[in-house]
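> Dropping in data-v6.cif, with mmCIF, C-alpha atoms.
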data_model
#
loop_
_atom_site.label_atom_id
_atom_site.label_comp_id
_atom_site.auth_asym_id
_atom_site.auth_seq_id
_atom_site.Cartn_x
_atom_site.Cartn_y
_atom_site.Cartn_z
CA MET A 1 -42.54 106.28 -80.37
CA THR A 2 -44.84 106.68 -77.35
CA PRO A 3 -46.46 110.10 -76.65
CA ALA A 4 -44.32 110.44 -73.52
CA LEU A 5 -41.13 109.87 -75.51
CA ALA A 6 -42.32 112.31 -78.18
CA GLN A 7 -42.73 114.96 -75.46
CA VAL A 8 -39.26 114.19 -74.15
CA ARG A 9 -37.89 114.57 -77.69
CA VAL A 10 -39.46 118.05 -78.00
CA ARG A 11 -37.97 119.10 -74.63
CA VAL A 12 -34.53 117.75 -75.53
CA MET A 13 -34.49 119.54 -78.88
CA ALA A 14 -35.61 122.79 -77.23
CA GLU A 15 -32.73 122.46 -74.74
CA ALA A 16 -30.33 121.70 -77.59
CA ARG A 17 -31.37 124.89 -79.40
CA ARG A 18 -30.92 126.84 -76.16
CA GLN A 19 -27.44 125.38 -75.48
CA GLY A 20 -25.99 125.98 -78.94
CA ILE A 21 -22.47 124.80 -79.68
CA ALA A 22 -20.87 122.33 -77.24
CA ARG A 23 -18.72 123.85 -74.51
CA PRO A 24 -15.42 121.94 -74.39
CA TRP A 25 -14.54 120.38 -71.02
CA TRP A 26 -11.11 122.01 -70.84
CA ARG A 27 -12.62 125.50 -70.44
CA ASP A 28 -14.03 124.51 -67.04
CA ALA A 29 -10.75 122.80 -66.16
CA VAL A 30 -8.71 125.88 -67.05
CA LEU A 31 -11.11 128.13 -65.10
CA PHE A 32 -10.75 125.96 -61.98
CA SER A 33 -6.99 125.61 -62.40
CA VAL A 34 -6.37 129.33 -62.91
CA CYS A 35 -8.66 130.16 -59.98
CA ALA A 36 -6.76 127.79 -57.65
CA VAL A 37 -3.32 129.01 -58.69
CA ILE A 38 -4.21 132.72 -58.61
CA THR A 39 -5.83 132.36 -55.19
CA GLY A 40 -2.76 130.59 -53.78
CA ILE A 41 -0.04 132.76 -55.27
CA GLY A 42 -2.11 135.94 -55.16
CA SER A 43 -2.99 135.64 -51.48
CA ALA A 44 0.69 135.03 -50.63
CA ALA A 45 1.78 138.00 -52.74
CA LEU A 46 -0.80 140.27 -51.11
CA VAL A 47 0.95 139.83 -47.78
CA ASN A 48 3.89 142.14 -47.16
CA THR A 49 6.75 140.50 -49.03
CA ASP A 50 9.16 141.29 -46.17
CA ALA A 51 7.23 138.80 -44.07
CA PHE A 52 8.06 135.91 -46.42
CA ILE A 53 10.02 133.30 -44.59
CA GLY A 54 11.87 132.34 -47.72
CA SER A 55 14.13 129.36 -48.01
CA ARG A 56 14.84 127.06 -50.91
CA THR A 57 12.99 124.20 -49.25
CA ARG A 58 9.92 126.34 -48.66
CA PHE A 59 9.94 127.57 -52.24
CA ALA A 60 10.24 123.95 -53.43
CA VAL A 61 7.26 122.89 -51.30
CA ALA A 62 5.26 125.90 -52.53
CA ALA A 63 6.14 125.02 -56.15
CA LEU A 64 4.95 121.44 -55.58
CA ALA A 65 1.71 122.80 -54.09
CA VAL A 66 1.22 125.05 -57.14
CA LEU A 67 1.74 122.00 -59.36
CA VAL A 68 -0.82 119.94 -57.41
CA SER A 69 -3.21 122.88 -57.49
CA SER A 70 -3.00 123.53 -61.24
CA LEU A 71 -2.76 119.95 -62.52
CA GLY A 72 -5.18 118.61 -59.89
CA ALA A 73 -7.89 120.94 -61.15
CA ILE A 74 -7.42 119.66 -64.70
CA VAL A 75 -7.20 115.97 -63.72
CA ALA A 76 -10.38 116.28 -61.60
CA ILE A 77 -12.39 117.64 -64.54
CA ARG A 78 -10.85 115.72 -67.45
CA PRO A 79 -13.29 113.16 -68.96
CA GLY A 80 -12.29 109.54 -69.48
CA SER A 81 -10.93 106.93 -67.10
CA GLY A 82 -7.74 108.71 -65.93
CA ALA A 83 -7.58 106.59 -62.75
CA ILE A 84 -3.77 106.50 -62.92
CA LEU A 85 -3.58 110.29 -63.28
CA ARG A 86 -5.90 110.82 -60.34
CA LYS A 87 -3.91 108.41 -58.16
CA THR A 88 -0.68 110.16 -59.22
CA LEU A 89 -2.15 113.52 -58.20
CA VAL A 90 -3.26 112.17 -54.82
CA GLY A 91 0.29 110.78 -54.44
CA ALA A 92 1.80 114.18 -55.33
CA ALA A 93 -0.43 115.88 -52.75
CA LEU A 94 0.68 113.36 -50.12
CA VAL A 95 4.34 113.97 -51.07
CA CYS A 96 3.67 117.69 -50.67
CA ALA A 97 2.12 117.12 -47.23
CA LEU A 98 5.03 114.84 -46.26
CA ALA A 99 7.57 117.44 -47.45
CA ILE A 100 5.87 120.08 -45.30
CA ALA A 101 6.03 117.77 -42.29
CA LEU A 102 9.66 116.73 -42.93
CA THR A 103 10.89 120.30 -43.39
CA ALA A 104 9.23 121.41 -40.15
CA ASP A 105 11.40 122.21 -37.15
CA ARG A 106 11.08 119.23 -34.84
CA SER A 107 13.11 120.73 -32.00
CA ARG A 108 10.97 123.82 -31.86
CA LEU A 109 7.94 123.99 -29.59
CA PRO A 110 4.72 125.14 -31.20
CA THR A 111 3.94 128.78 -30.55
CA SER A 112 0.45 128.73 -31.90
CA ILE A 113 -0.72 125.13 -31.77
CA GLY A 114 -3.85 126.27 -29.98
CA ASN A 115 -4.28 129.10 -32.46
CA VAL A 116 -6.71 128.14 -35.18
CA GLY A 117 -5.80 131.25 -37.16
CA CYS A 118 -3.61 129.38 -39.64
CA ALA A 119 -6.14 126.63 -40.20
CA ALA A 120 -8.93 129.18 -40.62
CA MET A 121 -6.78 131.19 -43.07
CA GLU A 122 -5.98 128.06 -45.09
CA LEU A 123 -9.67 127.08 -45.23
CA LEU A 124 -10.62 130.64 -46.18
CA ILE A 125 -8.10 130.72 -49.03
CA ALA A 126 -9.20 127.27 -50.21
CA ALA A 127 -12.88 128.29 -50.11
CA ILE A 128 -12.88 130.23 -53.41
CA PRO A 129 -11.30 127.50 -55.57
CA LEU A 130 -13.36 124.90 -53.67
CA ILE A 131 -16.62 126.65 -54.56
CA VAL A 132 -15.53 127.01 -58.20
CA GLY A 133 -14.46 123.34 -58.23
CA ILE A 134 -17.76 122.11 -56.76
CA LEU A 135 -19.74 124.18 -59.26
CA VAL A 136 -17.72 122.73 -62.14
CA LEU A 137 -17.97 119.17 -60.73
CA SER A 138 -21.75 119.52 -60.48
CA ARG A 139 -21.87 119.72 -64.28
CA PHE A 140 -21.22 115.97 -64.53
CA ALA A 141 -21.93 112.80 -62.58
CA PRO A 142 -20.64 112.59 -58.98
CA HIS A 143 -17.32 110.73 -58.71
CA ALA A 144 -15.60 110.30 -55.35
CA GLU A 145 -12.01 110.26 -56.68
CA ARG A 146 -12.58 113.39 -58.78
CA ALA A 147 -14.08 115.22 -55.78
CA VAL A 148 -11.06 114.32 -53.61
CA VAL A 149 -8.60 115.47 -56.30
CA ALA A 150 -10.54 118.73 -56.70
CA GLY A 151 -10.44 119.19 -52.92
CA LEU A 152 -6.67 118.61 -52.85
CA ALA A 153 -6.24 121.11 -55.70
CA ALA A 154 -8.26 123.73 -53.77
CA GLY A 155 -6.51 122.92 -50.48
CA SER A 156 -3.09 123.26 -52.11
CA ALA A 157 -3.90 126.92 -52.79
CA GLY A 158 -3.98 127.46 -49.02
CA ILE A 159 -0.75 125.46 -48.64
CA VAL A 160 1.01 127.81 -51.10
CA HIS A 161 0.02 130.82 -49.00
CA LEU A 162 0.93 129.39 -45.60
CA THR A 163 4.19 127.77 -46.72
CA MET A 164 5.40 131.19 -47.83
CA VAL A 165 4.02 133.28 -44.99
CA CYS A 166 3.54 131.35 -41.73
CA PRO A 167 6.38 132.02 -39.23
CA ASP A 168 5.63 128.99 -37.04
CA THR A 169 7.69 126.10 -38.34
CA SER A 170 7.09 123.68 -35.49
CA LEU A 171 6.07 120.17 -36.52
CA ALA A 172 2.91 120.12 -34.40
CA HIS A 173 1.65 123.41 -35.84
CA VAL A 174 2.52 122.53 -39.43
CA GLY A 175 1.06 119.04 -39.10
CA VAL A 176 -2.22 120.05 -37.51
CA CYS A 177 -2.92 123.46 -39.01
CA HIS A 178 -1.44 123.12 -42.49
CA VAL A 179 -1.49 119.45 -43.48
CA GLY A 180 -4.66 118.80 -41.46
CA SER A 181 -6.45 121.64 -43.26
CA LEU A 182 -5.41 120.27 -46.66
CA LEU A 183 -6.92 116.88 -45.82
CA LEU A 184 -10.00 118.56 -44.34
CA VAL A 185 -10.61 120.46 -47.59
CA ALA A 186 -10.35 117.19 -49.55
CA CYS A 187 -12.92 115.55 -47.24
CA LEU A 188 -15.15 118.65 -47.47
CA ALA A 189 -15.06 118.51 -51.27
CA LEU A 190 -16.13 114.86 -51.18
CA ALA A 191 -18.96 115.49 -48.71
CA VAL A 192 -20.26 118.65 -50.40
CA ARG A 193 -20.15 117.24 -53.95
CA HIS A 194 -22.44 114.36 -53.03
CA ARG A 195 -24.99 116.80 -51.60
CA VAL A 196 -25.00 119.24 -54.51
CA PRO A 197 -27.57 118.41 -57.21
CA THR A 198 -26.04 117.48 -60.53
CA SER A 199 -27.07 119.21 -63.76
CA SER A 200 -25.80 116.40 -65.99
CA HIS A 201 -25.19 112.67 -65.53
CA ALA A 202 -22.34 112.46 -68.05
CA PRO A 203 -19.30 110.58 -66.72
CA MET B 1 -32.73 147.89 -99.01
CA PHE B 2 -35.66 145.48 -98.77
CA PRO B 3 -36.30 143.49 -95.60
CA ARG B 4 -35.81 139.73 -95.80
CA PRO B 5 -39.05 137.69 -95.79
CA ALA B 6 -39.93 136.42 -92.33
CA VAL B 7 -40.35 132.73 -91.66
CA GLY B 8 -43.98 131.76 -92.22
CA CYS B 9 -44.61 134.20 -95.13
CA ILE B 10 -45.33 133.11 -98.69
CA PHE B 11 -41.67 132.37 -99.30
CA ALA B 12 -41.62 129.78 -96.53
CA PRO B 13 -42.62 126.19 -97.46
CA LEU B 14 -46.18 125.33 -96.48
CA LYS B 15 -45.49 121.61 -96.09
CA PRO B 16 -42.58 119.99 -94.31
CA ALA B 17 -39.79 119.59 -96.81
CA ALA B 18 -39.14 116.13 -98.19
CA PRO B 19 -35.99 114.61 -96.68
CA SER B 20 -33.06 116.01 -98.57
CA LYS B 21 -30.02 113.99 -99.58
CA ARG B 22 -28.18 115.67 -96.73
CA ASN B 23 -30.80 114.51 -94.18
CA GLU B 24 -30.77 110.98 -95.57
CA SER B 25 -27.01 110.87 -95.32
CA VAL B 26 -27.22 112.03 -91.67
CA GLU B 27 -29.45 109.07 -90.87
CA LEU B 28 -26.91 106.67 -92.33
CA GLU B 29 -23.99 108.02 -90.29
CA ASN B 30 -22.74 106.14 -87.23
CA ASP B 31 -23.35 107.52 -83.72
CA GLU B 32 -19.82 108.85 -83.28
CA ALA B 33 -19.95 110.85 -86.52
CA LEU B 34 -23.41 112.17 -85.60
CA MET B 35 -22.16 113.25 -82.18
CA GLU B 36 -19.26 115.11 -83.72
CA GLN B 37 -21.63 116.90 -86.08
CA TYR B 38 -23.87 117.79 -83.15
CA CYS B 39 -20.92 119.11 -81.15
CA ALA B 40 -20.09 121.32 -84.13
CA GLY B 41 -23.51 122.99 -83.82
CA ASN B 42 -25.76 120.93 -86.13
CA GLN B 43 -29.05 119.99 -84.38
CA ARG B 44 -30.31 117.37 -86.84
CA PRO B 45 -27.90 114.58 -85.76
CA LEU B 46 -29.26 114.79 -82.20
CA GLU B 47 -32.75 113.98 -83.48
CA VAL B 48 -31.38 110.91 -85.26
CA ILE B 49 -29.48 109.86 -82.12
CA PHE B 50 -32.65 110.28 -80.03
CA ASP B 51 -34.74 108.22 -82.45
CA ARG B 52 -32.08 105.51 -82.52
CA HIS B 53 -31.45 105.15 -78.79
CA SER B 54 -34.46 106.42 -76.82
CA GLN B 55 -36.19 103.02 -76.78
CA GLY B 56 -32.99 101.28 -75.71
CA ILE B 57 -32.45 103.76 -72.89
CA ARG B 58 -36.06 103.31 -71.81
CA ARG B 59 -35.63 99.53 -71.75
CA LEU B 60 -32.44 99.84 -69.70
CA ALA B 61 -34.19 102.19 -67.25
CA CYS B 62 -37.12 99.75 -66.93
CA ARG B 63 -34.67 96.99 -66.09
CA LEU B 64 -32.82 99.05 -63.50
CA LEU B 65 -35.79 100.88 -61.95
CA ARG B 66 -38.84 98.68 -62.64
CA ASN B 67 -41.04 101.75 -63.12
CA GLN B 68 -42.27 102.89 -66.53
CA ALA B 69 -42.94 106.53 -65.56
CA SER B 70 -39.46 106.80 -64.06
CA ALA B 71 -38.04 105.23 -67.22
CA ASP B 72 -39.38 108.18 -69.25
CA ASP B 73 -37.78 110.56 -66.74
CA VAL B 74 -34.49 108.72 -67.21
CA VAL B 75 -34.72 109.07 -71.01
CA GLN B 76 -35.23 112.81 -70.55
CA ALA B 77 -32.41 113.16 -68.00
CA THR B 78 -30.10 111.12 -70.24
CA PHE B 79 -30.61 113.17 -73.39
CA LEU B 80 -30.58 116.48 -71.51
CA SER B 81 -27.22 115.36 -70.08
CA VAL B 82 -26.01 114.57 -73.61
CA VAL B 83 -27.02 118.10 -74.66
CA ARG B 84 -25.47 119.82 -71.62
CA SER B 85 -22.29 117.75 -71.52
CA SER B 86 -21.66 117.11 -75.20
CA GLY B 87 -18.29 118.80 -74.69
CA ARG B 88 -17.27 115.87 -72.46
CA PHE B 89 -17.69 113.33 -75.25
CA ARG B 90 -14.16 112.44 -76.27
CA HIS B 91 -13.14 112.37 -79.91
CA GLY B 92 -12.55 108.76 -80.96
CA ALA B 93 -14.54 107.21 -78.11
CA ARG B 94 -17.57 104.99 -78.76
CA PHE B 95 -20.89 106.73 -78.25
CA GLN B 96 -23.17 103.94 -77.03
CA PRO B 97 -21.19 103.03 -73.88
CA TRP B 98 -21.01 106.74 -73.02
CA LEU B 99 -24.77 107.13 -73.49
CA TYR B 100 -25.54 104.01 -71.45
CA ALA B 101 -23.21 105.19 -68.69
CA ILE B 102 -25.18 108.47 -68.56
CA ALA B 103 -28.46 106.55 -68.40
CA THR B 104 -27.14 104.29 -65.62
CA ASN B 105 -25.95 107.33 -63.65
CA ALA B 106 -29.40 108.92 -64.13
CA CYS B 107 -31.06 105.72 -62.84
CA ARG B 108 -28.74 105.66 -59.83
CA ASP B 109 -29.52 109.31 -59.07
CA LEU B 110 -33.26 108.70 -59.37
CA ARG B 111 -33.09 105.64 -57.13
CA ARG B 112 -31.15 107.60 -54.53
CA ARG B 113 -33.58 110.52 -54.57
CA ASN B 114 -36.78 108.54 -54.83
CA ARG B 115 -36.11 105.11 -53.44
CA SER B 116 -39.58 104.16 -52.14
CA GLU B 117 -41.38 105.19 -55.34
CA VAL B 118 -39.07 103.32 -57.66
CA LEU B 119 -38.86 99.99 -55.93
CA SER B 120 -42.42 98.84 -55.45
CA GLY B 121 -45.72 98.15 -57.19
CA ASP B 122 -47.19 96.11 -59.98
CA ASP B 123 -46.05 98.80 -62.39
CA GLY B 124 -42.51 97.68 -61.67
CA ILE B 125 -43.31 94.07 -62.46
CA ALA B 126 -45.09 95.09 -65.67
CA ALA B 127 -42.16 97.28 -66.64
CA PHE B 128 -39.69 94.48 -66.05
CA GLU B 129 -41.76 91.99 -67.96
CA ALA B 130 -42.20 94.47 -70.82
CA THR B 131 -38.45 94.41 -71.28
CA GLN B 132 -38.28 90.65 -71.45
CA ASP B 133 -40.00 90.10 -74.77
CA VAL B 134 -36.71 90.71 -76.53
CA ASP B 135 -34.63 88.58 -74.18
CA GLN B 136 -34.25 85.17 -75.73
CA LYS B 137 -32.10 83.94 -72.86
CA LEU B 138 -34.80 84.36 -70.23
CA PRO B 139 -37.06 81.44 -69.34
CA THR B 140 -40.73 81.53 -70.34
CA ASP B 141 -41.97 80.38 -66.93
CA PRO B 142 -43.60 83.49 -65.31
CA GLY B 143 -42.83 82.29 -61.77
CA LEU B 144 -39.16 81.92 -62.56
CA ARG B 145 -39.15 85.34 -64.24
CA LYS B 146 -40.45 86.91 -61.04
CA GLN B 147 -37.77 85.07 -59.09
CA ILE B 148 -35.11 86.39 -61.47
CA GLN B 149 -36.52 89.90 -61.16
CA ALA B 150 -36.43 89.71 -57.36
CA ALA B 151 -32.89 88.29 -57.40
CA ILE B 152 -31.60 91.01 -59.73
CA GLU B 153 -33.33 93.61 -57.56
CA ALA B 154 -31.61 92.23 -54.46
CA LEU B 155 -28.13 92.84 -55.92
CA PRO B 156 -26.14 95.92 -54.94
CA ASP B 157 -26.38 98.79 -57.48
CA ALA B 158 -22.89 98.34 -58.94
CA GLN B 159 -23.33 94.58 -59.51
CA ARG B 160 -26.84 94.97 -60.94
CA GLU B 161 -25.64 97.65 -63.38
CA ALA B 162 -22.68 95.52 -64.51
CA ILE B 163 -24.95 92.49 -65.11
CA VAL B 164 -27.74 94.42 -66.86
CA LEU B 165 -25.32 96.23 -69.16
CA SER B 166 -23.22 93.17 -70.01
CA LYS B 167 -25.75 90.32 -70.05
CA PHE B 168 -28.95 92.12 -71.12
CA GLU B 169 -27.76 95.13 -73.13
CA GLY B 170 -24.88 93.28 -74.76
CA LEU B 171 -22.08 95.74 -73.97
CA SER B 172 -18.60 94.33 -73.51
CA TYR B 173 -16.76 94.77 -70.20
CA ALA B 174 -14.29 97.09 -71.97
CA GLU B 175 -17.14 99.27 -73.26
CA ILE B 176 -18.81 99.48 -69.84
CA ALA B 177 -15.45 100.35 -68.26
CA GLN B 178 -14.86 103.04 -70.88
CA GLY B 179 -18.29 104.54 -70.27
CA PHE B 180 -17.92 104.71 -66.50
CA GLY B 181 -14.27 105.73 -66.47
CA LEU B 182 -13.30 102.59 -64.55
CA SER B 183 -10.86 99.78 -65.27
CA GLU B 184 -12.09 96.73 -67.17
CA SER B 185 -11.05 94.47 -64.31
CA ALA B 186 -13.22 96.46 -61.88
CA ILE B 187 -16.29 95.87 -64.07
CA LYS B 188 -15.41 92.18 -64.49
CA VAL B 189 -15.16 91.78 -60.71
CA ARG B 190 -18.56 93.47 -60.21
CA ALA B 191 -20.23 91.30 -62.85
CA HIS B 192 -18.57 88.13 -61.55
CA ARG B 193 -19.68 88.83 -57.98
CA GLY B 194 -23.19 89.66 -59.21
CA ILE B 195 -23.45 86.41 -61.19
CA LYS B 196 -22.20 84.44 -58.19
CA GLU B 197 -24.81 86.09 -55.98
CA LEU B 198 -27.56 85.51 -58.58
CA LYS B 199 -26.66 81.82 -58.76
CA ARG B 200 -26.83 81.63 -54.98
CA LEU B 201 -30.20 83.45 -54.80
CA LEU B 202 -31.74 81.38 -57.58
CA ALA B 203 -30.17 78.14 -56.34
CA GLY B 204 -29.02 77.28 -59.86
CA ALA B 205 -32.51 77.58 -61.43
CA TRP B 206 -31.25 80.13 -63.96
CA GLU B 207 -27.83 81.30 -65.09
CA PRO B 208 -27.25 84.63 -66.87
#
What do you get writing this file as structure tokens?

Amino acid sequence: MTPALAQVRVRVMAEARRQGIARPWWRDAVLFSVCAVITGIGSAALVNTDAFIGSRTRFAVAALAVLVSSLGAIVAIRPGSGAILRKTLVGAALVCALAIALTADRSRLPTSIGNVGCAAMELLIAAIPLIVGILVLSRFAPHAERAVVAGLAAGSAGIVHLTMVCPDTSLAHVGVCHVGSLLLVACLALAVRHRVPTSSHAP
Amino acid sequence: MFPRPAVGCIFAPLKPAAPSKRNESVELENDEALMEQYCAGNQRPLEVIFDRHSQGIRRLACRLLRNQASADDVVQATFLSVVRSSGRFRHGARFQPWLYAIATNACRDLRRRNRSEVLSGDDGIAAFEATQDVDQKLPTDPGLRKQIQAAIEALPDAQREAIVLSKFEGLSYAEIAQGFGLSESAIKVRAHRGIKELKRLLAGAWEP
């Protein structure tokens, strides 16, 4: 063994002693998943419940968003190939976005299409799970699909809130402010992950 | 109550202990069993894993980066990643493809961060040639070796990695795919395209 490799060996063993017992991957996944779900449901519940524009369709869409949020977080972190799972999650998020668009009121004119309040609120709600997700993703090698799935999981938290609370059901508003924000969060996750330094190169 | 003797006092051994039966048995274990023992909190298997694979990782890094100093950095980054992400090693998976995937990711990261330093200089040529003494498939003609080196260097990252891991390191396409979390067909396509490009660049003078 060369002197350089011997030095590396000493450093690696020192790090191993510092790290202790291996931290299982699912702890990070559960942390991210719980954070996304609590942020989505919690932020909706914090609003005055009388303001909920409740209908079965809206509850169904919100439930789908919760599912994407919770499972997406786990699928994004889970080691192994999992390409089919990731594609399924992206598909579920698209179905969720499509359901939001299809259940929108097409005859109604947008009341707040120029108002960026909804989009800003959705991005704000998605910010906490997005930060947690990026931090967790930076513990292993960058992977574009995983970053997108994590972004969709974080963005779905905002969808849960707005689906339950937003009074504007016009197609233009829902399409631009709600669905657009979800896709924006996914793109943000992808862009940010590739700029954050990675602490480990494990796949 | 009497205090326990501290390490380094007369009760502590003055010489390093002779390898016990337990230590010998650790050295005979396969990588997967060693990794499981390490994940359970035993440090000794990591030392055995390091001694077994550090030279191989260094050789791989030399092939991918053509810089001996960077190759040592890659060995360090690889094993630190093993330590930090040991929880991501899946029970039942093969260890070597996982380790080589980490090393390849580390090389890719280093190339991205430090492109100009990694790609040039005689050090790179020396590093590449140092890896060739074990390659029976490579021609002995130094001129042709340099041509091969330049051709491999000209390939896109994904194709170069697929060719180096499959043709030089001897991993199967399935093992590479498992390590990177990709489908086997994706790796086959990368390797096939890389080989096609190599043939074109070398005009048939050498075939991997």
> Step by step, work through what the PyMOL selection byres ((chain B) within 6 of (chain A)) selects in the shown file, and finish by giving those residues as a PyMOL selection string.
chain B and resi 39+41+76+80-81+83+86-88+102+105-106+181-182
> Which residues are close to stretch 46-49 of chain B, i.e. within 10 Å by all atoms listed in the file, leaving aside same-chain residues fewer than 2 positions away? Reply as a PyMOL selection string.
(chain A and resi 9-10+12-13+16) or (chain B and resi 23+26-32+34-35+37-39+42-44+51-54+79+82-83+95)
> Between atom CA of A:Cys187 and atom CA of A:Leu85, measure the distance and give it in Å to one decimal.
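Between these atoms lies a distance of 19.3 Å.
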> Can you work out the spacing between atom CA of A:Ala172 and atom CA of A:Glu122 in Å, to one decimal?
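Computing it gives 16.0 Å between the two atoms.
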> Might you spell out which residues the PyMOL selection byres ((chain A and resi 166) around 12) would select in the displayed file, as a compact mmCIF listing (two decimals) with C-alpha atoms, in the frame of the given file?

# COMPACT_ATOMS: atom_id res chain seq x y z
CA ALA A 44 0.69 135.03 -50.63
CA VAL A 47 0.95 139.83 -47.78
CA ALA A 51 7.23 138.80 -44.07
CA PHE A 52 8.06 135.91 -46.42
CA ILE A 53 10.02 133.30 -44.59
CA GLY A 54 11.87 132.34 -47.72
CA ARG A 58 9.92 126.34 -48.66
CA ALA A 104 9.23 121.41 -40.15
CA THR A 111 3.94 128.78 -30.55
CA SER A 112 0.45 128.73 -31.90
CA GLY A 117 -5.80 131.25 -37.16
CA CYS A 118 -3.61 129.38 -39.64
CA ALA A 119 -6.14 126.63 -40.20
CA MET A 121 -6.78 131.19 -43.07
CA GLU A 122 -5.98 128.06 -45.09
CA GLY A 158 -3.98 127.46 -49.02
CA ILE A 159 -0.75 125.46 -48.64
CA VAL A 160 1.01 127.81 -51.10
CA HIS A 161 0.02 130.82 -49.00
CA LEU A 162 0.93 129.39 -45.60
CA THR A 163 4.19 127.77 -46.72
CA MET A 164 5.40 131.19 -47.83
CA VAL A 165 4.02 133.28 -44.99
CA PRO A 167 6.38 132.02 -39.23
CA ASP A 168 5.63 128.99 -37.04
CA THR A 169 7.69 126.10 -38.34
CA SER A 170 7.09 123.68 -35.49
CA HIS A 173 1.65 123.41 -35.84
CA VAL A 174 2.52 122.53 -39.43
CA CYS A 177 -2.92 123.46 -39.01
CA HIS A 178 -1.44 123.12 -42.49
> How would you write, as a PyMOL selection string, the residues chosen by the PyMOL selection byres ((chain A and resi 130) around 10) on this structure?
chain A and resi 32+35-36+123-129+131-136+147+150-155+157+185-186+188-189+192
> Those residues with C-alpha atoms, as a JSON list (two decimals), in the coordinates of the input please?

[["chain", "number", "residue", "atom", "x", "y", "z"],
["A", 32, "PHE", "CA", -10.75, 125.96, -61.98],
["A", 35, "CYS", "CA", -8.66, 130.16, -59.98],
["A", 36, "ALA", "CA", -6.76, 127.79, -57.65],
["A", 123, "LEU", "CA", -9.67, 127.08, -45.23],
["A", 124, "LEU", "CA", -10.62, 130.64, -46.18],
["A", 125, "ILE", "CA", -8.10, 130.72, -49.03],
["A", 126, "ALA", "CA", -9.20, 127.27, -50.21],
["A", 127, "ALA", "CA", -12.88, 128.29, -50.11],
["A", 128, "ILE", "CA", -12.88, 130.23, -53.41],
["A", 129, "PRO", "CA", -11.30, 127.50, -55.57],
["A", 131, "ILE", "CA", -16.62, 126.65, -54.56],
["A", 132, "VAL", "CA", -15.53, 127.01, -58.20],
["A", 133, "GLY", "CA", -14.46, 123.34, -58.23],
["A", 134, "ILE", "CA", -17.76, 122.11, -56.76],
["A", 135, "LEU", "CA", -19.74, 124.18, -59.26],
["A", 136, "VAL", "CA", -17.72, 122.73, -62.14],
["A", 147, "ALA", "CA", -14.08, 115.22, -55.78],
["A", 150, "ALA", "CA", -10.54, 118.73, -56.70],
["A", 151, "GLY", "CA", -10.44, 119.19, -52.92],
["A", 152, "LEU", "CA", -6.67, 118.61, -52.85],
["A", 153, "ALA", "CA", -6.24, 121.11, -55.70],
["A", 154, "ALA", "CA", -8.26, 123.73, -53.77],
["A", 155, "GLY", "CA", -6.51, 122.92, -50.48],
["A", 157, "ALA", "CA", -3.90, 126.92, -52.79],
["A", 185, "VAL", "CA", -10.61, 120.46, -47.59],
["A", 186, "ALA", "CA", -10.35, 117.19, -49.55],
["A", 188, "LEU", "CA", -15.15, 118.65, -47.47],
["A", 189, "ALA", "CA", -15.06, 118.51, -51.27],
["A", 192, "VAL", "CA", -20.26, 118.65, -50.40]]
> Find the distance between atom CA of B:Val164 and atom CA of B:Ile152 and write it in Å to one decimal.
8.8 Å
> The residues within 10 Å of (-25.8, 86.3, -57.5), using all atoms listed in the file and the coordinates of the file, should be reported as a list in words; which are they?
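The answer, in the requested form, is Ala151, Ile152, Ala154, Leu155, Pro156, Gln159, Arg160, Ile163, Ala191, His192, Arg193, Gly194, Ile195, Lys196, Glu197, Leu198, Lys199, Arg200, Leu201, Leu202, Ala203, Gly204, Glu207 and Pro208 of chain B.
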